[in-house]
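Here is the file input.txt (compact mmCIF, C-alpha atoms).
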```
# COMPACT_ATOMS: atom_id res chain seq x y z
CA MET A 1 121.81 64.30 89.88
CA SER A 2 124.15 61.39 89.32
CA GLU A 3 125.48 58.66 91.57
CA ARG A 4 128.92 60.21 91.03
CA THR A 5 127.93 63.32 92.98
CA LEU A 6 125.63 61.88 95.67
CA THR A 7 126.42 59.09 98.12
CA TRP A 8 123.78 57.64 100.45
CA HIS A 9 124.86 56.26 103.84
CA ARG A 10 123.00 53.36 105.37
CA ASP A 11 124.87 52.52 108.58
CA LEU A 12 127.34 55.34 109.26
CA LYS A 13 127.00 57.35 112.47
CA GLN A 14 128.98 60.02 114.25
CA PRO A 15 128.48 62.30 117.27
CA ALA A 16 126.64 65.53 116.46
CA GLN A 17 124.28 68.04 118.02
CA CYS A 18 120.92 68.82 116.45
CA PRO A 19 120.49 72.59 116.01
CA VAL A 20 116.69 72.26 116.31
CA CYS A 21 115.95 70.16 119.39
CA GLY A 22 119.40 70.15 121.00
CA TYR A 23 119.89 66.38 120.93
CA SER A 24 123.57 65.50 121.32
CA GLY A 25 124.95 62.04 120.63
CA GLU A 26 125.29 59.42 117.93
CA THR A 27 123.59 60.67 114.77
CA ARG A 28 122.97 58.77 111.55
CA LEU A 29 124.65 60.16 108.47
CA LEU A 30 122.19 60.37 105.58
CA LEU A 31 124.18 61.37 102.50
CA ASP A 32 126.97 63.49 101.17
CA LEU A 33 127.32 65.34 97.89
CA ASP A 34 129.23 68.12 96.17
CA SER A 35 128.81 71.62 97.55
CA ILE A 36 127.34 74.17 95.16
CA VAL A 37 129.22 76.89 97.06
CA GLU A 38 132.79 75.58 97.38
CA PRO A 39 134.31 73.74 94.40
CA ASN A 40 135.75 70.28 95.13
CA GLN A 41 134.16 70.18 98.58
CA ARG A 42 131.78 67.51 99.86
CA VAL A 43 129.11 68.25 102.44
CA THR A 44 127.39 65.72 104.68
CA PHE A 45 123.80 65.73 105.92
CA ALA A 46 122.78 63.91 109.11
CA THR A 47 119.35 63.02 110.51
CA CYS A 48 118.44 63.81 114.12
CA PRO A 49 117.14 60.63 115.81
CA CYS A 50 115.04 62.73 118.17
CA CYS A 51 113.13 65.31 116.06
CA GLY A 52 113.82 64.05 112.52
CA SER A 53 115.44 67.25 111.24
CA VAL A 54 118.10 66.83 108.56
CA PHE A 55 121.08 69.13 109.00
CA GLN A 56 124.42 69.78 107.35
CA LEU A 57 127.43 68.94 109.48
CA ASN A 58 129.99 71.69 110.05
CA PHE A 59 127.83 74.22 108.24
CA VAL A 60 129.49 77.52 107.38
CA ALA A 61 127.16 80.21 106.07
CA PRO A 62 128.11 81.30 102.55
CA TYR A 63 128.59 84.89 101.51
CA TYR A 64 125.02 85.75 100.53
CA GLU A 65 126.06 89.22 99.39
CA ASN A 66 127.14 87.51 96.16
CA TYR A 67 123.92 85.52 95.82
CA PHE A 68 122.37 86.10 92.36
CA ALA A 69 125.46 88.06 91.35
CA SER A 70 125.36 87.10 87.66
CA PRO A 71 122.92 88.51 85.08
CA ALA A 72 121.98 84.92 84.15
CA ALA A 73 120.95 84.14 87.74
CA VAL A 74 118.79 87.27 87.93
CA LYS A 75 117.15 86.53 84.57
CA PHE A 76 116.46 82.92 85.58
CA TYR A 77 114.86 84.01 88.86
CA ILE A 78 112.63 86.65 87.28
CA GLU A 79 111.55 84.72 84.19
CA GLN A 80 111.26 81.24 85.70
CA GLY A 81 112.72 80.43 89.10
CA ALA A 82 110.61 82.58 91.41
CA GLY A 83 107.42 80.81 92.49
CA LEU A 84 105.15 83.84 92.54
CA GLU A 85 102.08 82.13 93.94
CA THR A 86 104.15 80.99 96.94
CA LEU A 87 105.75 84.42 97.30
CA VAL A 88 102.41 86.25 97.44
CA LEU A 89 100.69 83.66 99.66
CA PRO A 90 101.96 85.15 102.98
CA ALA A 91 100.35 88.49 102.14
CA CYS A 92 97.12 86.73 101.19
CA ILE A 93 97.16 84.89 104.52
CA ALA A 94 97.86 88.09 106.47
CA SER A 95 95.11 90.02 104.67
CA ALA A 96 92.46 88.20 106.70
CA ARG A 97 93.38 90.41 109.68
CA PRO A 98 94.04 94.12 110.18
CA ILE A 99 97.50 94.83 108.76
CA HIS A 100 99.37 98.10 108.56
CA ARG A 101 103.07 97.24 108.72
CA TYR A 102 104.43 94.23 106.79
CA LEU A 103 108.02 92.97 106.96
CA GLU A 104 109.64 90.31 104.77
CA ILE A 105 113.01 88.81 105.69
CA GLY A 106 114.98 87.42 102.75
CA CYS A 107 112.59 89.10 100.33
CA GLY A 108 114.77 88.57 97.25
CA LEU A 109 113.60 90.75 94.37
CA GLY A 110 110.56 91.77 96.40
CA PHE A 111 107.68 90.13 94.51
CA GLY A 112 105.81 89.47 97.76
CA LEU A 113 106.31 93.02 99.02
CA ASP A 114 105.30 94.52 95.68
CA PHE A 115 102.12 92.43 95.66
CA ALA A 116 101.28 93.42 99.26
CA ARG A 117 101.81 97.10 98.58
CA HIS A 118 99.73 97.20 95.39
CA SER A 119 96.99 94.77 96.43
CA PHE A 120 96.45 95.86 100.05
CA GLY A 121 98.10 99.26 100.39
CA TRP A 122 100.26 98.22 103.33
CA GLU A 123 103.43 99.87 104.55
CA VAL A 124 106.01 97.30 103.48
CA ARG A 125 109.67 96.74 104.23
CA GLY A 126 112.20 94.14 103.14
CA ILE A 127 115.58 93.02 104.43
CA ASP A 128 117.90 90.91 102.28
CA PRO A 129 121.70 90.95 101.75
CA SER A 130 121.69 89.57 98.20
CA LEU A 131 122.34 91.51 95.02
CA LEU A 132 118.92 90.34 93.83
CA ALA A 133 117.34 92.42 96.60
CA ASP A 134 119.29 95.44 95.44
CA GLN A 135 117.84 94.86 91.96
CA GLY A 136 114.33 94.73 93.42
CA ARG A 137 114.79 98.02 95.23
CA LYS A 138 115.69 99.64 91.91
CA LEU A 139 113.16 97.86 89.66
CA PHE A 140 110.11 98.19 91.93
CA GLY A 141 111.06 101.21 94.04
CA LEU A 142 110.63 99.11 97.18
CA PRO A 143 112.04 99.97 100.63
CA ILE A 144 114.38 96.99 100.70
CA GLU A 145 117.44 97.24 102.93
CA HIS A 146 120.42 95.50 101.38
CA ARG A 147 121.74 93.81 104.54
CA TYR A 148 121.24 90.96 106.99
CA PHE A 149 118.44 90.80 109.55
CA THR A 150 120.02 91.67 112.90
CA GLY A 151 117.10 90.90 115.19
CA ILE A 152 116.54 94.49 116.34
CA GLU A 153 114.61 96.04 113.48
CA ALA A 154 111.49 97.79 114.66
CA GLY A 155 112.97 100.80 116.46
CA GLY A 156 110.35 100.52 119.17
CA ALA A 157 107.53 99.69 116.74
CA THR A 158 106.47 96.21 115.72
CA TYR A 159 105.05 94.55 112.62
CA ASP A 160 101.55 93.18 112.15
CA ALA A 161 102.87 90.44 109.87
CA ILE A 162 106.32 89.06 109.09
CA ALA A 163 107.13 86.69 106.23
CA ALA A 164 110.27 84.64 105.58
CA VAL A 165 109.92 82.56 102.41
CA GLU A 166 112.66 79.94 101.88
CA VAL A 167 114.88 81.53 104.54
CA LEU A 168 114.74 79.32 107.63
CA GLU A 169 116.71 76.50 105.98
CA HIS A 170 119.70 78.85 105.63
CA ILE A 171 119.84 79.60 109.38
CA ASP A 172 122.00 77.37 111.58
CA SER A 173 120.68 78.88 114.87
CA PRO A 174 116.91 78.68 114.41
CA ASN A 175 115.98 79.48 117.99
CA ASP A 176 117.82 82.82 117.89
CA PHE A 177 116.31 83.69 114.52
CA LEU A 178 112.72 82.72 115.35
CA SER A 179 112.90 84.39 118.75
CA ALA A 180 114.06 87.60 117.07
CA LEU A 181 111.17 87.44 114.62
CA ARG A 182 108.73 86.95 117.49
CA ALA A 183 110.20 89.99 119.28
CA ASN A 184 109.44 92.12 116.23
CA LEU A 185 105.80 90.97 115.95
CA SER A 186 102.91 92.92 117.45
CA PRO A 187 100.96 91.03 120.17
CA ASP A 188 98.35 89.97 117.61
CA GLY A 189 100.83 89.65 114.74
CA ILE A 190 101.40 86.60 112.58
CA LEU A 191 104.59 85.01 111.30
CA MET A 192 104.54 83.12 107.97
CA LEU A 193 107.29 80.78 106.81
CA SER A 194 108.02 78.39 103.98
CA THR A 195 110.95 75.99 103.90
CA PRO A 196 111.92 72.69 102.21
CA ASN A 197 110.36 69.53 103.60
CA ALA A 198 112.87 67.02 104.98
CA ASP A 199 110.31 64.23 104.58
CA TYR A 200 110.49 64.76 100.81
CA ILE A 201 113.84 62.97 100.99
CA GLU A 202 113.46 59.21 100.52
CA PHE A 203 116.53 57.10 101.16
CA ALA A 204 118.41 56.31 97.93
CA VAL A 205 115.65 57.83 95.76
CA GLU A 206 116.97 60.67 93.60
CA LYS A 207 113.61 62.19 92.74
CA PRO A 208 113.03 65.45 90.82
CA GLY A 209 113.64 68.49 92.98
CA LEU A 210 115.88 66.68 95.47
CA LEU A 211 118.86 68.89 94.67
CA SER A 212 116.73 71.98 95.25
CA VAL A 213 115.66 70.64 98.65
CA LEU A 214 119.24 69.85 99.68
CA THR A 215 121.07 72.82 98.07
CA PRO A 216 124.34 71.62 99.62
CA GLY A 217 126.48 74.39 101.03
CA GLN A 218 123.54 76.76 101.52
CA HIS A 219 120.88 74.79 103.41
CA ALA A 220 121.86 74.33 107.04
CA ILE A 221 118.69 72.61 108.28
CA LEU A 222 115.78 70.80 106.63
CA TYR A 223 112.67 70.45 108.79
CA THR A 224 109.87 67.97 109.09
CA ALA A 225 106.38 69.21 109.89
CA GLY A 226 106.96 68.11 113.47
CA SER A 227 110.39 69.65 113.90
CA ILE A 228 109.43 73.08 112.54
CA LYS A 229 106.49 73.12 114.94
CA LEU A 230 108.93 72.24 117.73
CA ALA A 231 111.29 75.04 116.67
CA LEU A 232 108.46 77.57 116.72
CA GLN A 233 107.31 76.41 120.15
CA ARG A 234 110.84 76.63 121.54
CA ALA A 235 110.96 80.24 120.27
CA GLY A 236 107.84 81.08 122.29
CA PHE A 237 105.02 80.60 119.78
CA SER A 238 102.14 78.73 121.42
CA ASP A 239 99.72 78.86 118.47
CA THR A 240 101.11 77.33 115.26
CA GLN A 241 100.01 75.46 112.15
CA VAL A 242 102.08 73.58 109.58
CA VAL A 243 100.92 72.13 106.26
CA VAL A 244 102.81 70.02 103.74
CA ARG A 245 102.84 70.97 100.06
CA GLY A 246 105.01 68.30 98.42
CA ALA A 247 108.64 69.35 98.82
CA THR A 248 107.66 72.45 100.83
CA LEU A 249 106.43 73.14 104.35
CA LEU A 250 104.19 76.15 105.01
CA ALA A 251 104.01 77.34 108.60
CA VAL A 252 102.24 80.12 110.47
CA ALA A 253 102.69 81.16 114.09
CA GLY A 254 101.11 83.75 116.34
CA ASN A 255 97.64 84.47 117.68
CA GLY A 256 95.03 82.78 115.49
CA ALA A 257 97.57 80.74 113.51
CA SER A 258 95.73 77.47 114.05
CA ALA A 259 92.62 78.95 112.38
CA VAL A 260 94.38 80.01 109.17
CA ASP A 261 92.79 78.53 106.05
CA PHE A 262 95.76 77.80 103.77
CA ASP A 263 93.62 76.43 100.97
CA GLY A 264 91.28 79.42 100.93
CA ALA A 265 93.82 82.17 101.57
CA PHE A 266 95.10 82.65 98.03
CA ASP A 267 93.03 85.24 96.16
CA PRO A 268 93.13 84.41 92.43
CA ASN A 269 91.43 87.65 91.38
CA LEU A 270 93.98 89.81 93.19
CA TYR A 271 96.82 87.72 91.78
CA LYS A 272 95.51 88.04 88.23
CA ALA A 273 95.01 91.79 88.61
CA TYR A 274 98.55 92.15 89.96
CA LEU A 275 100.06 90.24 87.03
CA GLU A 276 98.05 92.29 84.52
CA MET A 277 99.18 95.52 86.15
CA ARG A 278 102.82 94.48 86.08
CA VAL A 279 102.69 93.25 82.46
CA SER A 280 101.23 96.61 81.40
CA ALA A 281 103.81 98.57 83.37
CA ALA A 282 106.88 96.55 82.32
CA GLU A 283 109.38 97.92 79.83
CA PRO A 284 108.84 96.15 76.49
CA GLY A 285 111.37 93.37 75.97
CA SER A 286 112.56 93.41 79.58
CA ILE A 287 112.98 90.34 81.76
CA LEU A 288 110.16 91.75 83.91
CA GLU A 289 107.78 91.79 80.94
CA VAL A 290 108.70 88.22 80.03
CA GLY A 291 108.49 86.96 83.61
CA PHE A 292 105.12 88.53 84.37
CA ALA A 293 103.62 87.75 80.95
CA PHE A 294 104.61 84.09 81.21
CA ARG A 295 103.07 83.77 84.67
CA LEU A 296 99.89 85.51 83.53
CA PHE A 297 99.70 83.18 80.52
CA LYS A 298 100.20 80.15 82.76
CA TYR A 299 97.56 81.36 85.21
CA LEU A 300 95.01 81.96 82.46
CA VAL A 301 95.57 78.55 80.85
CA ASN A 302 95.39 76.76 84.20
CA ASN A 303 92.08 78.49 84.93
CA GLY A 304 90.54 77.91 81.50
CA VAL A 305 90.50 81.58 80.45
CA TYR A 306 91.69 80.60 77.00
CA ALA A 307 90.80 83.64 74.89
CA GLU A 308 92.70 85.96 77.24
CA ALA A 309 95.55 83.46 77.40
CA GLU A 310 95.88 83.52 73.63
CA THR A 311 96.10 87.32 73.61
CA VAL A 312 98.82 87.29 76.25
CA MET A 313 100.73 84.57 74.39
CA HIS A 314 100.76 86.53 71.13
CA ARG A 315 102.25 89.51 72.97
CA LEU A 316 104.82 87.30 74.68
CA ALA A 317 105.69 85.49 71.44
CA ALA A 318 106.28 88.82 69.67
CA THR A 319 108.50 89.99 72.54
CA LEU A 320 110.59 86.83 72.47
CA MET A 321 110.97 86.97 68.69
CA ARG A 322 112.27 90.56 68.89
CA ARG A 323 114.48 89.96 71.91
CA ASP A 324 115.79 86.40 71.48
CA GLY A 325 115.06 85.62 67.84
CA ILE A 326 113.07 82.54 68.83
CA ASP A 327 109.57 81.65 67.63
CA VAL A 328 107.83 79.95 70.54
CA LEU A 329 104.84 79.30 68.27
CA ASP A 330 106.98 76.94 66.15
CA PRO A 331 107.94 74.00 68.39
CA HIS A 332 109.44 71.99 65.53
CA ARG A 333 111.96 74.75 64.74
CA ILE A 334 112.89 75.10 68.42
CA ILE A 335 113.82 71.41 68.57
CA ALA A 336 115.74 71.66 65.31
CA ASN A 337 117.70 74.74 66.37
CA ASP A 338 118.08 74.52 70.14
CA ALA A 339 117.86 70.89 71.29
CA HIS A 340 121.59 70.51 71.92
CA SER A 341 123.91 70.70 74.90
CA TRP A 342 124.11 74.09 76.64
CA THR A 343 125.83 75.49 79.66
CA PHE A 344 123.44 77.08 82.15
CA GLU A 345 124.87 80.55 81.48
CA ASP A 346 124.59 80.16 77.70
CA PHE A 347 121.04 78.78 77.85
CA ILE A 348 119.82 81.64 80.03
CA SER A 349 121.61 84.36 78.08
CA ARG A 350 120.44 83.07 74.69
CA LEU A 351 116.92 81.71 75.38
CA PRO A 352 113.96 82.69 77.56
CA ALA A 353 114.38 81.04 80.96
CA CYS A 354 110.68 80.15 80.89
CA LEU A 355 110.92 78.42 77.49
CA ALA A 356 109.78 75.02 78.77
CA GLY A 357 106.73 76.50 80.48
CA VAL A 358 105.81 78.57 77.42
CA LEU A 359 105.91 75.43 75.28
CA TYR A 360 103.95 73.29 77.73
CA PHE A 361 101.11 75.76 78.31
CA ASN A 362 100.89 76.39 74.58
CA GLY A 363 100.35 72.64 74.29
CA MET A 364 97.57 72.80 76.85
CA LEU A 365 96.03 75.72 74.97
CA ARG A 366 96.09 73.79 71.68
CA LEU A 367 94.62 70.71 73.36
CA ASN A 368 91.89 72.24 75.52
CA HIS A 369 90.92 75.36 73.58
CA HIS A 370 91.47 74.37 69.96
CA GLN A 371 91.03 70.58 70.28
CA ASP A 372 94.14 70.35 68.12
CA ARG A 373 95.73 67.08 69.22
CA ALA A 374 98.51 67.09 66.63
CA GLY A 375 99.47 70.66 67.50
CA ALA A 376 99.38 69.88 71.21
CA LEU A 377 101.55 66.81 70.67
CA ALA A 378 104.20 68.92 68.93
CA TYR A 379 104.33 71.32 71.88
CA PHE A 380 104.43 68.53 74.49
CA TYR A 381 107.25 66.79 72.63
CA ALA A 382 109.20 70.05 72.40
CA THR A 383 108.60 70.61 76.12
CA HIS A 384 109.91 67.15 76.95
CA VAL A 385 113.04 67.64 74.85
CA MET A 386 113.83 71.16 76.07
CA THR A 387 113.19 70.39 79.75
CA GLY A 388 115.73 67.58 79.45
CA VAL A 389 118.22 69.94 77.84
CA PHE A 390 117.62 72.66 80.43
CA ARG A 391 117.69 70.36 83.47
CA LYS A 392 121.02 68.89 82.35
CA ALA A 393 122.44 72.41 82.06
CA MET A 394 121.10 73.26 85.52
CA ARG A 395 122.40 70.10 87.18
CA ASP A 396 125.83 70.57 85.61
CA PHE A 397 125.77 74.08 87.09
CA GLY A 398 124.73 72.70 90.50
CA VAL A 399 121.06 73.74 90.65
CA ASP A 400 117.67 72.33 89.72
CA ASP A 401 114.18 73.74 89.32
CA GLY A 402 111.18 71.86 90.65
CA GLU A 403 108.74 73.37 88.15
CA THR A 404 110.93 72.39 85.20
CA ALA A 405 111.10 68.85 86.57
CA ASP A 406 107.30 68.81 86.86
CA LEU A 407 106.96 70.04 83.28
CA GLU A 408 109.27 67.28 82.07
CA ARG A 409 107.10 64.66 83.74
CA SER A 410 103.78 66.25 82.73
CA SER A 411 104.81 66.66 79.10
CA ARG A 412 105.79 62.98 78.96
CA ASP A 413 102.44 61.99 80.45
CA HIS A 414 100.52 64.16 77.98
CA ILE A 415 102.43 62.72 75.03
CA LYS A 416 101.19 59.28 76.04
CA ILE A 417 97.63 60.52 76.59
CA VAL A 418 97.39 62.33 73.25
CA LEU A 419 98.99 59.47 71.31
CA GLY A 420 96.45 57.13 72.92
CA TRP A 421 93.59 59.34 71.80
CA MET A 422 94.96 59.66 68.27
CA SER A 423 95.35 55.89 67.91
CA GLN A 424 91.69 55.20 68.70
```

Take the structure from the file and write it as structure tokens.
Amino acid sequence: MSERTLTWHRDLKQPAQCPVCGYSGETRLLLDLDSIVEPNQRVTFATCPCCGSVFQLNFVAPYYENYFASPAAVKFYIEQGAGLETLVLPACIASARPIHRYLEIGCGLGFGLDFARHSFGWEVRGIDPSLLADQGRKLFGLPIEHRYFTGIEAGGATYDAIAAVEVLEHIDSPNDFLSALRANLSPDGILMLSTPNADYIEFAVEKPGLLSVLTPGQHAILYTAGSIKLALQRAGFSDTQVVVRGATLLAVAGNGASAVDFDGAFDPNLYKAYLEMRVSAAEPGSILEVGFAFRLFKYLVNNGVYAEAETVMHRLAATLMRRDGIDVLDPHRIIANDAHSWTFEDFISRLPACLAGVLYFNGMLRLNHHQDRAGALAYFYATHVMTGVFRKAMRDFGVDDGETADLERSSRDHIKIVLGWMSQ
């Protein structure tokens, strides 16, 4: 993000009403920047002096029916953009209690629903107006309804658990939305939310992932841990819990919410089994095969299961050679051939969207499994170069990806570490 597109405001104020706590009066303007929805339009974010929420002034909800309309956007989401561990976490949290009926609002492709159905055998249902959701219904055979959540969904029945991952920030009337979710919960049901963290924003600091947090033109409200708890309480939830995970807030509400163990909820064995099942079932060369195989490879490397990781990588490398004509096991050639300026659409259509991650975790495999410092250094350098190329293409397009930003930073750090070792 450049200073040309983002302007911070230090002393400007104007009258506004906070959509979270209802405060009405003089409100400090925080920043303005280019909308990613409407060309040549600036949007302004203000900070509520009462509850700390950050909200977009004069927000108009975009036409989400066209969200993920392009093949490039779908490929990016499946191969790289979707944070699967976050998407499956609500089901892992809910699995600690008796669950039969599971609803996800804004389910996107349906990764979370697919995991819940295969891992726990629940009756699942999704509601999402985007074209991505329509793709998920076809790819996974999921009961996803391609429409907006109206608030009257259960037809007399209720749900034992409801999830809404990265949805609340798009809603400009949170009390109506959260109250409707509560009305569709069973008496002992649990609601699980994730949403960007307003406290991640530091005045005049354009840190990695800031554009993803703001998403100007689409994000109506950004919450602090305190203001999302307030919003849930105003909607009638007396038992809540909120935890901060960097740029993300995770929240649960409903009976027993305060006792939820966020750190212990994620089940790595179930997650690994799910990824393995989906890799085996995916059509060879498809974006589903690439997306699931990359995440399985990443999981195995992160957990030190190196022999299995190597097997998965060889399959993935062969797939990418056949499909894209790129050898991810040759980082030098990737830099020579592909380290140039791309548009987002061209990068995604020509290269694997997860290229940076594939390079980085290959570097970790060379370093930790093979003790090959020179080989690892080549992969980390290629990661650093290609993350820079990819992030520029994304920012020019109006988006950013927090994981790619993390890989850029981590690859730079590992270059320094390995060079230090090699110089001793």

Report as a PyMOL selection string all protein, DNA and RNA residues lying within 12 Å of Lys416 (chain A), evaluated on only C-alpha atoms, omitting residues in the same chain fewer than 5 positions from it.
chain A and resi 373+376-377+380-381+384+409-411+421-423

Output C-alpha atoms for every residue in the selection just made, as a PDB file, keeping the file's coordinate frame.
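Everything below was put into selection_18.pdb:
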```pdb
ATOM      1  CA  ARG A 373      95.730  67.080  69.220  1.00  0.00           C
ATOM      2  CA  ALA A 376      99.380  69.880  71.210  1.00  0.00           C
ATOM      3  CA  LEU A 377     101.550  66.810  70.670  1.00  0.00           C
ATOM      4  CA  PHE A 380     104.430  68.530  74.490  1.00  0.00           C
ATOM      5  CA  TYR A 381     107.250  66.790  72.630  1.00  0.00           C
ATOM      6  CA  HIS A 384     109.910  67.150  76.950  1.00  0.00           C
ATOM      7  CA  ARG A 409     107.100  64.660  83.740  1.00  0.00           C
ATOM      8  CA  SER A 410     103.780  66.250  82.730  1.00  0.00           C
ATOM      9  CA  SER A 411     104.810  66.660  79.100  1.00  0.00           C
ATOM     10  CA  TRP A 421      93.590  59.340  71.800  1.00  0.00           C
ATOM     11  CA  MET A 422      94.960  59.660  68.270  1.00  0.00           C
ATOM     12  CA  SER A 423      95.350  55.890  67.910  1.00  0.00           C
TER      13      SER A 423
END
```

Using only C-alpha atoms, which residues sit within 12 Å of Pro284 (chain A) once same-chain residues fewer than 2 positions away are excluded, as a PyMOL selection string?
chain A and resi 278-282+286-293+315-316+318-320+322-323

Keeping only C-alpha atoms, write those residues as a PDB file, in the coordinates of the input.
```pdb
ATOM      1  CA  ARG A 278     102.820  94.480  86.080  1.00  0.00           C
ATOM      2  CA  VAL A 279     102.690  93.250  82.460  1.00  0.00           C
ATOM      3  CA  SER A 280     101.230  96.610  81.400  1.00  0.00           C
ATOM      4  CA  ALA A 281     103.810  98.570  83.370  1.00  0.00           C
ATOM      5  CA  ALA A 282     106.880  96.550  82.320  1.00  0.00           C
ATOM      6  CA  SER A 286     112.560  93.410  79.580  1.00  0.00           C
ATOM      7  CA  ILE A 287     112.980  90.340  81.760  1.00  0.00           C
ATOM      8  CA  LEU A 288     110.160  91.750  83.910  1.00  0.00           C
ATOM      9  CA  GLU A 289     107.780  91.790  80.940  1.00  0.00           C
ATOM     10  CA  VAL A 290     108.700  88.220  80.030  1.00  0.00           C
ATOM     11  CA  GLY A 291     108.490  86.960  83.610  1.00  0.00           C
ATOM     12  CA  PHE A 292     105.120  88.530  84.370  1.00  0.00           C
ATOM     13  CA  ALA A 293     103.620  87.750  80.950  1.00  0.00           C
ATOM     14  CA  ARG A 315     102.250  89.510  72.970  1.00  0.00           C
ATOM     15  CA  LEU A 316     104.820  87.300  74.680  1.00  0.00           C
ATOM     16  CA  ALA A 318     106.280  88.820  69.670  1.00  0.00           C
ATOM     17  CA  THR A 319     108.500  89.990  72.540  1.00  0.00           C
ATOM     18  CA  LEU A 320     110.590  86.830  72.470  1.00  0.00           C
ATOM     19  CA  ARG A 322     112.270  90.560  68.890  1.00  0.00           C
ATOM     20  CA  ARG A 323     114.480  89.960  71.910  1.00  0.00           C
TER      21      ARG A 323
END
```

Contacts of region 240-255 of chain A at 6 Å (only C-alpha atoms; same-chain gap of 2+ positions) as an mmCIF file with C-alpha atoms, keeping the file's coordinate frame:
```cif
data_model
loop_
_atom_site.group_PDB
_atom_site.id
_atom_site.type_symbol
_atom_site.label_atom_id
_atom_site.label_comp_id
_atom_site.auth_asym_id
_atom_site.auth_seq_id
_atom_site.Cartn_x
_atom_site.Cartn_y
_atom_site.Cartn_z
ATOM 1 C CA ASP A 188 98.350 89.970 117.610
ATOM 2 C CA ILE A 190 101.400 86.600 112.580
ATOM 3 C CA LEU A 191 104.590 85.010 111.300
ATOM 4 C CA MET A 192 104.540 83.120 107.970
ATOM 5 C CA LEU A 193 107.290 80.780 106.810
ATOM 6 C CA SER A 194 108.020 78.390 103.980
ATOM 7 C CA THR A 195 110.950 75.990 103.900
ATOM 8 C CA PRO A 196 111.920 72.690 102.210
ATOM 9 C CA ASN A 197 110.360 69.530 103.600
ATOM 10 C CA TYR A 200 110.490 64.760 100.810
ATOM 11 C CA ALA A 257 97.570 80.740 113.510
ATOM 12 C CA SER A 258 95.730 77.470 114.050
#
```

Using only C-alpha atoms for the distances, tell me which of A:Val399, A:Leu222, A:Ala374, A:Val60 is nearest to Asp34 (chain A).
A:Val399

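The space between CA of Ala133 (chain A) and CA of Gly112 (chain A) spans 12.0 Å.
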
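In terms of minimum interatomic distance to Glu38 (chain A), A:Pro216 ranks closest within A:Val328, A:Ala356, A:Ile99, A:Pro216, counting only C-alpha atoms.
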
Which residues are near Ala180 (chain A)? Cut-off 12 Å, all atoms listed in the file, ignore same chain within fewer than 4 positions. Put them as JSON, numbers by chain.
{"A": [105, 149, 150, 151, 152, 153, 154, 158, 162, 173, 174, 175, 176, 184, 185, 191, 232, 235, 236, 237]}

Sorted by chain and rising residue number, which residues of region 225-341 of chain A lie within 12 Å of region 51-54 of chain A, and what are their closest atom pairs and distances in Å to one decimal, counting all atoms listed in the file, as JSON lines?
```
{"residue": "A:Ala225", "atom": "CA", "partner": "A:Ser53", "partner_atom": "CA", "distance": 9.4}
{"residue": "A:Gly226", "atom": "CA", "partner": "A:Cys51", "partner_atom": "CA", "distance": 7.3}
{"residue": "A:Ser227", "atom": "CA", "partner": "A:Cys51", "partner_atom": "CA", "distance": 5.6}
{"residue": "A:Ile228", "atom": "CA", "partner": "A:Ser53", "partner_atom": "CA", "distance": 8.5}
{"residue": "A:Lys229", "atom": "CA", "partner": "A:Cys51", "partner_atom": "CA", "distance": 10.3}
{"residue": "A:Leu230", "atom": "CA", "partner": "A:Cys51", "partner_atom": "CA", "distance": 8.3}
{"residue": "A:Ala231", "atom": "CA", "partner": "A:Cys51", "partner_atom": "CA", "distance": 9.9}
```

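With CA of Tyr299 (chain A) on one side and CA of Asp324 (chain A) on the other, the separation reads 23.4 Å.
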
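CA of Gln218 (chain A) lies 19.8 Å from CA of Leu87 (chain A).
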